[in-house]
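These notes are about the structure you will find just below.
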Amino acid sequence: MAAEVVHALQPKAGQVIVDGTFGGGGHACQLAKSVMPDGRVVGLDRDDQAVARGESMLSQLAKDDPALAAVITLYCCSYHDAERALAAESIPHADAMLLDLGLSSDQLVDTTRGFGFSLEAPLDLRFDTSQGMTAAEMLQRLSEPEIADLIYQFGEERYSRRIARQLVQRRRQRRPVRTTTELADLVRRCVPRSKNHDIDPATRTFQALRIAVNRELDILQQALQKACDWIRPGGRLAILSFHSLEDRLVKQAFRQSDRWEALTRKPVRPTDQECHDNPRARSAKLRAAIRKTE
Ligand SMILES: C[S@@+](CC[C@H](N)C(=O)[O-])C[C@H]1O[C@@H](n2cnc3c(N)ncnc32)[C@H](O)[C@@H]1O
């Protein structure tokens with residue numbers, strides 16, 4: 001949704017834009033073209049491997065298009081700590097900020113992380129692999145009702161109790177679920193397949209575990225509260241979300257806060273052409289708001 005993001009943020013030459021979820025740097029490069037030569041794009045990513053890939057992409061860009069590369073700086077940092085990167089850049093306020101909350105293609109094909117569950121991988125699911133519990137560890141430590149609640153709350157999965165029971169049964173038999181395919185197969189045995197078969201029954205459970213392991217909703221909530229301190233009055237915030245729990249938080253924050261004026265009453269959706277070319281875009285919802293002047 002590159003064009004829709006640019007339309008929402010209206011980047012202009014000389015502006016400072018924070019890309020809170022740098023990923024492969026596609027949006028960052030697009031935004032950098034609009035703010036160059038004097039503006040800045042401050043990219044953040046919580047995944048140090050994404051940052052390492054981003055840095056090598058930027059050093060190649062420095063050879064191909066030095067003026068464009070010079071506009072972009074990259075930090076390994078969660079977007080809810082954006083003030084750290086702004087302080088390091090001596091930037092009091094940004095003109096705009098983007099959060100693109102999904103997974104990057106690199107993460108989905110990485111067989112050490114467990115994000116793309118069609119590939120055999122350890123059940124990790126952490127964006128930041130330097131801290132916190134992996135999903136496999138979480139499934140080892142939580143009680144059966146805690147696992148069921150987590151899968152119900154963060155995955156909106158009706159069969160959460162059945163899944164939790166099977167997971168704990170395996171634990172008791174001393175063969176806990178440790179890999180993506182073990183978990184996906186267990187969930188598929190617990191959940192009847194939907195009639196239209198368009199979504200794998202394991203999707204909701206993996207979403208729930210990823211949200212829990214990374215505290216994704218808590219981090220988004222904190223960022224929504226703090227973003228008005230990072231963005232100047234009249235500046236813009238655009239958020240691309242990929243499931244209803246995230247979209248609900250964004251919608252509420254833009255509607256209820258007296259510091260934001262929503263630019264989108266209904267979320268902007270990708271075009272049919274984009275969904276056809278990139279099926280992962282199907283669930284994307286873009287909302288944007290302007291920071292009110294006080
Ligand atoms: C969908 S990708 C972004 C793709 C990017 N917009 C592009 O054009 O290539 C989402 C990225 O956000 C990162 N991420 C997830 N949670 C984060 C957080 N709390 N802070 C910073 N980055 C985060 C992920 O590691 C991933 O690289």
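Every chain in the structure tokens takes a letter, A first, then B, and so on in the order presented; its residues are numbered from 1, and the ligands are numbered from 1 following the presented order.
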
Quiz item: Which neighbours of Lys33 in chain A fall inside 12 Å, counting only C-alpha atoms, when residues of the same chain fewer than 4 positions from it are skipped, and could you give them as a list in words?
Solution: Val6, Pro11, Lys12, Ala13, Gly14, Gln15, Ile17, Gly26, His27, Ala28, Cys29, Pro37, Asp38, Gly39, Arg40, Val41, Asp65, Pro66, Ala67, Leu68, Ala69, Ala70, Val71 and Ile72 of chain A

Practice problem: Give as a ChimeraX atom specification the residues surrounding ligand 1 up to a distance of 9 Å, considering only C-alpha atoms and all ligand atoms. | Solution: /A:2,19-30,43-51,76-82,98-107,126-128,214-216,219-220,223,240

Self-check item: Distance query Glu146 in chain A at most 10 Å, only C-alpha atoms, self and fewer than 5 positions along chain excluded, as JSON, numbers by chain
Solution: {"A": [139, 141, 151, 152, 161, 164]}

Keeping only N, CA and C atoms, write the selected residues to a file as a PDB file, in the first residue's frame.
```pdb
ATOM      1  N   LEU A 139       4.790 -22.052  26.065  1.00  0.00           N
ATOM      2  CA  LEU A 139       3.864 -23.196  26.116  1.00  0.00           C
ATOM      3  C   LEU A 139       4.288 -24.226  27.161  1.00  0.00           C
ATOM      4  N   ARG A 141       5.613 -23.232  30.126  1.00  0.00           N
ATOM      5  CA  ARG A 141       5.450 -22.652  31.473  1.00  0.00           C
ATOM      6  C   ARG A 141       4.010 -22.361  31.865  1.00  0.00           C
ATOM      7  N   ILE A 151      -4.852 -18.056  23.662  1.00  0.00           N
ATOM      8  CA  ILE A 151      -5.212 -18.377  22.269  1.00  0.00           C
ATOM      9  C   ILE A 151      -6.591 -17.794  21.923  1.00  0.00           C
ATOM     10  N   TYR A 152      -7.463 -17.754  22.932  1.00  0.00           N
ATOM     11  CA  TYR A 152      -8.802 -17.189  22.701  1.00  0.00           C
ATOM     12  C   TYR A 152      -8.731 -15.664  22.539  1.00  0.00           C
ATOM     13  N   ARG A 161      -9.734 -24.046  23.991  1.00  0.00           N
ATOM     14  CA  ARG A 161      -9.643 -24.969  25.129  1.00  0.00           C
ATOM     15  C   ARG A 161      -9.167 -26.345  24.659  1.00  0.00           C
ATOM     16  N   ALA A 164      -5.457 -26.099  23.942  1.00  0.00           N
ATOM     17  CA  ALA A 164      -4.673 -26.036  25.182  1.00  0.00           C
ATOM     18  C   ALA A 164      -4.600 -27.421  25.834  1.00  0.00           C
TER      19      ALA A 164
END
```

Practice problem: Compare A:Ala8, A:Ile163, A:Leu58, A:Ile199 by their minimum atom-to-atom distance to Pro279 in chain A, counting only C-alpha atoms, and give me the closest one. | Solution: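 Closest to Pro279 in chain A, using only C-alpha atoms: A:Ile199.
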
Quiz item: Can you list, as a PyMOL selection string, every protein, DNA or RNA residue that comes within 9 Å of Glu137 in chain A when you count only C-alpha atoms, leaving out same-chain residues fewer than 6 positions away?
Solution: chain A and resi 123-124+178

Exercise. Quick one: pick out all alpha helix (DSSP H) residues within range 17-254 of chain A from a backbone DSSP run and write them as a VMD selection string.
Key: chain A and resid 26 to 35 48 to 64 66 to 71 82 to 88 105 to 109 135 to 141 144 to 155 160 to 172 180 to 190 203 to 214 216 to 230 244 to 254

Practice problem: Choose the residue, out of A:Asp110, A:Gln131, A:Val42, A:Glu182, that has the smallest atom-to-atom separation from Ala87 in chain A; count only C-alpha atoms. | Solution: A:Val42

Exercise. Could you give me, as number ranges by chain, each residue of range 97-242 of chain A that DSSP assigns to strand (DSSP E) when run on this structure's backbone?
Key: A: 97-100, 231-241

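Atom pair CA of Glu144 in chain A / CA of Asp200 in chain A has a distance of 23.2 Å (rounded to one decimal).
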